[in-house]
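*Asks:* The structure under discussion is supplied below as structure tokens; questions concerning it will follow.
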Amino acid sequence: MAVMTTITYSAGTITPTAVEGFRASRPIRNLVQEVLDRAEPDIDFRPAGLRTGTFRLVFDSEAAALTAFDALAREELFTIANGDVDGLNMKFAIPEGDLDLEQDDTVVTMWRIQVPFQEVTA
């Protein structure tokens, strides 16, 4: 039995058919300064930033995709949870930019939303 992904927000829950293409990066903020007349640089270690990236939500109907598309455009934090993919378990906000909705080329009843995210700890 497949584990379901859920995204919760203040007005409800989004339950996609699947999640595809999860991709994340973290900014590393260490500062390296070259010092004259010395072979080794000075290094100021700083904590890494939180994850940013994208994932695609897959829906098996246009209605479900449109409902999720509207929900993800809300001005609030979201929580995504999946028991099989630990990387998906986080609170996130949708950063500035575009939220994309696309119909599948082959199976016209399948829809995908490309979701940019910024992980948060709030």
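Chain labels run A, B, ... following the order of the structure tokens; each chain numbers its residues from 1, and ligands are numbered from 1 in the order shown.
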May I have the residues within 9 Å of Phe69 in chain A as a list in words, using only C-alpha atoms and disregarding those fewer than 5 positions away in the same chain?
*Replies:*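 Non-adjacent residues within range: Ala64, Leu99, Asp100, Leu101 and Ile113 of chain A.
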*Asks:* Would you mind writing down, as number ranges by chain, each residue of chain A that DSSP on the backbone assigns to alpha helix (DSSP H)?
*Replies:* A: 62-72
*Asks:* Convert the current residue selection to file output with N, CA, C and O atoms, as a PDB file, in the first residue's frame.
*Replies:*
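The resulting file, out_2.pdb, is reproduced below:
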ATOM      1  N   GLU A  62      -8.831  17.371 -13.109  1.00  0.00           N
ATOM      2  CA  GLU A  62      -8.667  18.822 -13.235  1.00  0.00           C
ATOM      3  C   GLU A  62      -9.220  19.537 -12.009  1.00  0.00           C
ATOM      4  O   GLU A  62      -8.615  20.482 -11.507  1.00  0.00           O
ATOM      5  N   ALA A  63     -10.366  19.086 -11.513  1.00  0.00           N
ATOM      6  CA  ALA A  63     -10.991  19.736 -10.358  1.00  0.00           C
ATOM      7  C   ALA A  63     -10.072  19.708  -9.137  1.00  0.00           C
ATOM      8  O   ALA A  63      -9.891  20.727  -8.456  1.00  0.00           O
ATOM      9  N   ALA A  64      -9.471  18.556  -8.862  1.00  0.00           N
ATOM     10  CA  ALA A  64      -8.564  18.447  -7.715  1.00  0.00           C
ATOM     11  C   ALA A  64      -7.339  19.338  -7.900  1.00  0.00           C
ATOM     12  O   ALA A  64      -6.882  19.986  -6.954  1.00  0.00           O
ATOM     13  N   ALA A  65      -6.817  19.379  -9.114  1.00  0.00           N
ATOM     14  CA  ALA A  65      -5.641  20.209  -9.396  1.00  0.00           C
ATOM     15  C   ALA A  65      -5.965  21.694  -9.238  1.00  0.00           C
ATOM     16  O   ALA A  65      -5.174  22.448  -8.657  1.00  0.00           O
ATOM     17  N   LEU A  66      -7.107  22.125  -9.738  1.00  0.00           N
ATOM     18  CA  LEU A  66      -7.485  23.534  -9.629  1.00  0.00           C
ATOM     19  C   LEU A  66      -7.724  23.939  -8.178  1.00  0.00           C
ATOM     20  O   LEU A  66      -7.356  25.045  -7.760  1.00  0.00           O
ATOM     21  N   THR A  67      -8.325  23.056  -7.399  1.00  0.00           N
ATOM     22  CA  THR A  67      -8.536  23.336  -5.978  1.00  0.00           C
ATOM     23  C   THR A  67      -7.193  23.486  -5.265  1.00  0.00           C
ATOM     24  O   THR A  67      -7.001  24.418  -4.485  1.00  0.00           O
ATOM     25  N   ALA A  68      -6.264  22.574  -5.536  1.00  0.00           N
ATOM     26  CA  ALA A  68      -4.937  22.655  -4.930  1.00  0.00           C
ATOM     27  C   ALA A  68      -4.177  23.890  -5.400  1.00  0.00           C
ATOM     28  O   ALA A  68      -3.495  24.548  -4.609  1.00  0.00           O
ATOM     29  N   PHE A  69      -4.307  24.217  -6.674  1.00  0.00           N
ATOM     30  CA  PHE A  69      -3.642  25.394  -7.252  1.00  0.00           C
ATOM     31  C   PHE A  69      -4.081  26.662  -6.524  1.00  0.00           C
ATOM     32  O   PHE A  69      -3.255  27.501  -6.164  1.00  0.00           O
ATOM     33  N   ASP A  70      -5.380  26.783  -6.289  1.00  0.00           N
ATOM     34  CA  ASP A  70      -5.905  27.939  -5.549  1.00  0.00           C
ATOM     35  C   ASP A  70      -5.426  27.930  -4.097  1.00  0.00           C
ATOM     36  O   ASP A  70      -5.061  28.972  -3.548  1.00  0.00           O
ATOM     37  N   ALA A  71      -5.439  26.765  -3.472  1.00  0.00           N
ATOM     38  CA  ALA A  71      -5.026  26.676  -2.071  1.00  0.00           C
ATOM     39  C   ALA A  71      -3.562  27.067  -1.896  1.00  0.00           C
ATOM     40  O   ALA A  71      -3.203  27.780  -0.949  1.00  0.00           O
ATOM     41  N   LEU A  72      -2.702  26.603  -2.793  1.00  0.00           N
ATOM     42  CA  LEU A  72      -1.272  26.895  -2.690  1.00  0.00           C
ATOM     43  C   LEU A  72      -0.937  28.361  -2.960  1.00  0.00           C
ATOM     44  O   LEU A  72       0.165  28.814  -2.655  1.00  0.00           O
TER      45      LEU A  72
END
*Asks:* Got a sec: who's within 9 Å of Met4 in chain A, counting only C-alpha atoms, leaving out chain neighbours fewer than 2 positions off, as a ChimeraX atom specification?
*Replies:* /A:2,6,15-18,81-84
*Asks:* Might you pull out every residue within 8 Å of Arg46 in chain A, with only C-alpha atoms counted and same-chain residues fewer than 5 positions away left off, and present them as a VMD selection string?
*Replies:* chain A and resid 28 to 31
*Asks:* What is the CA of Ile14 in chain A-CA of Pro27 in chain A distance in Å, reported with one decimal?
*Replies:*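 Between CA of Ile14 in chain A and CA of Pro27 in chain A the gap is 28.6 Å.
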*Asks:* Considering only C-alpha atoms, state which residue in the set A:Gly53, A:Gly87, A:Pro47, A:Pro41 is at the smallest distance from Ser25 in chain A.
*Replies:*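 Among the listed residues, A:Gly53 lies closest to Ser25 in chain A.
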*Asks:* What is the CA of Val85 in chain A-CA of Val107 in chain A distance in Å, reported with one decimal?
*Replies:*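 Going from CA of Val85 in chain A over to CA of Val107 in chain A covers 25.6 Å.
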*Asks:* Got a sec: who's within 10 Å of Val120 in chain A, counting only C-alpha atoms, leaving out chain neighbours fewer than 5 positions off, as number ranges by chain?
*Replies:* A: 49-52, 77-79, 90-93
*Asks:* Keeping only C-alpha atoms, write those residues as a PDB file, in the first residue's frame.
*Replies:*
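Done, and the output landed in result_27.pdb:
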ATOM      1  CA  GLY A  49      20.328  28.139   5.462  1.00  0.00           C
ATOM      2  CA  LEU A  50      17.092  26.194   5.211  1.00  0.00           C
ATOM      3  CA  ARG A  51      16.145  24.262   2.085  1.00  0.00           C
ATOM      4  CA  THR A  52      14.708  25.827  -1.031  1.00  0.00           C
ATOM      5  CA  LEU A  77       2.508  28.410   5.710  1.00  0.00           C
ATOM      6  CA  PHE A  78       1.941  24.824   4.576  1.00  0.00           C
ATOM      7  CA  THR A  79       2.998  21.503   6.084  1.00  0.00           C
ATOM      8  CA  MET A  90       8.604  20.071   6.376  1.00  0.00           C
ATOM      9  CA  LYS A  91       6.813  23.368   6.850  1.00  0.00           C
ATOM     10  CA  PHE A  92       7.175  25.649   3.854  1.00  0.00           C
ATOM     11  CA  ALA A  93       6.089  28.872   2.210  1.00  0.00           C
TER      12      ALA A  93
END
*Asks:* May I have all residues of chain A that DSSP, computed from the backbone, assigns to strand (DSSP E or B), given as a PyMOL selection string?
*Replies:* chain A and resi 6-9+12-14+18-25+31-33+42-44+52-59+78-81+90-93+100-103+111-120
*Asks:* Expressed in Å to a single decimal, how great is the separation between CA of Gly12 in chain A and CA of Val108 in chain A?
*Replies:*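 CA of Val108 in chain A lies at a distance of 26.5 Å from CA of Gly12 in chain A.
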*Asks:* Determine the nearest neighbour of Asn89 in chain A from the options A:Ser10, A:Gln103, A:Thr121, A:Ser61, counting only C-alpha atoms.
*Replies:*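 For Asn89 in chain A, the nearest of the given residues is A:Thr121.
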*Asks:* Given the choices A:Tyr9, A:Thr109, A:Asp60, A:Ala48, which gets closest to Ala73 in chain A if the distance is worked out from only C-alpha atoms?
*Replies:*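 Among the listed residues, A:Tyr9 lies closest to Ala73 in chain A.
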*Asks:* Please determine, counting only C-alpha atoms, which residue among A:Arg112, A:Arg74, A:Arg56, A:Arg38 has the shortest atom-to-atom distance to Gly21 in chain A.
*Replies:*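 Of A:Arg112, A:Arg74, A:Arg56, A:Arg38, the one nearest Gly21 in chain A, counting only C-alpha atoms, is A:Arg56.
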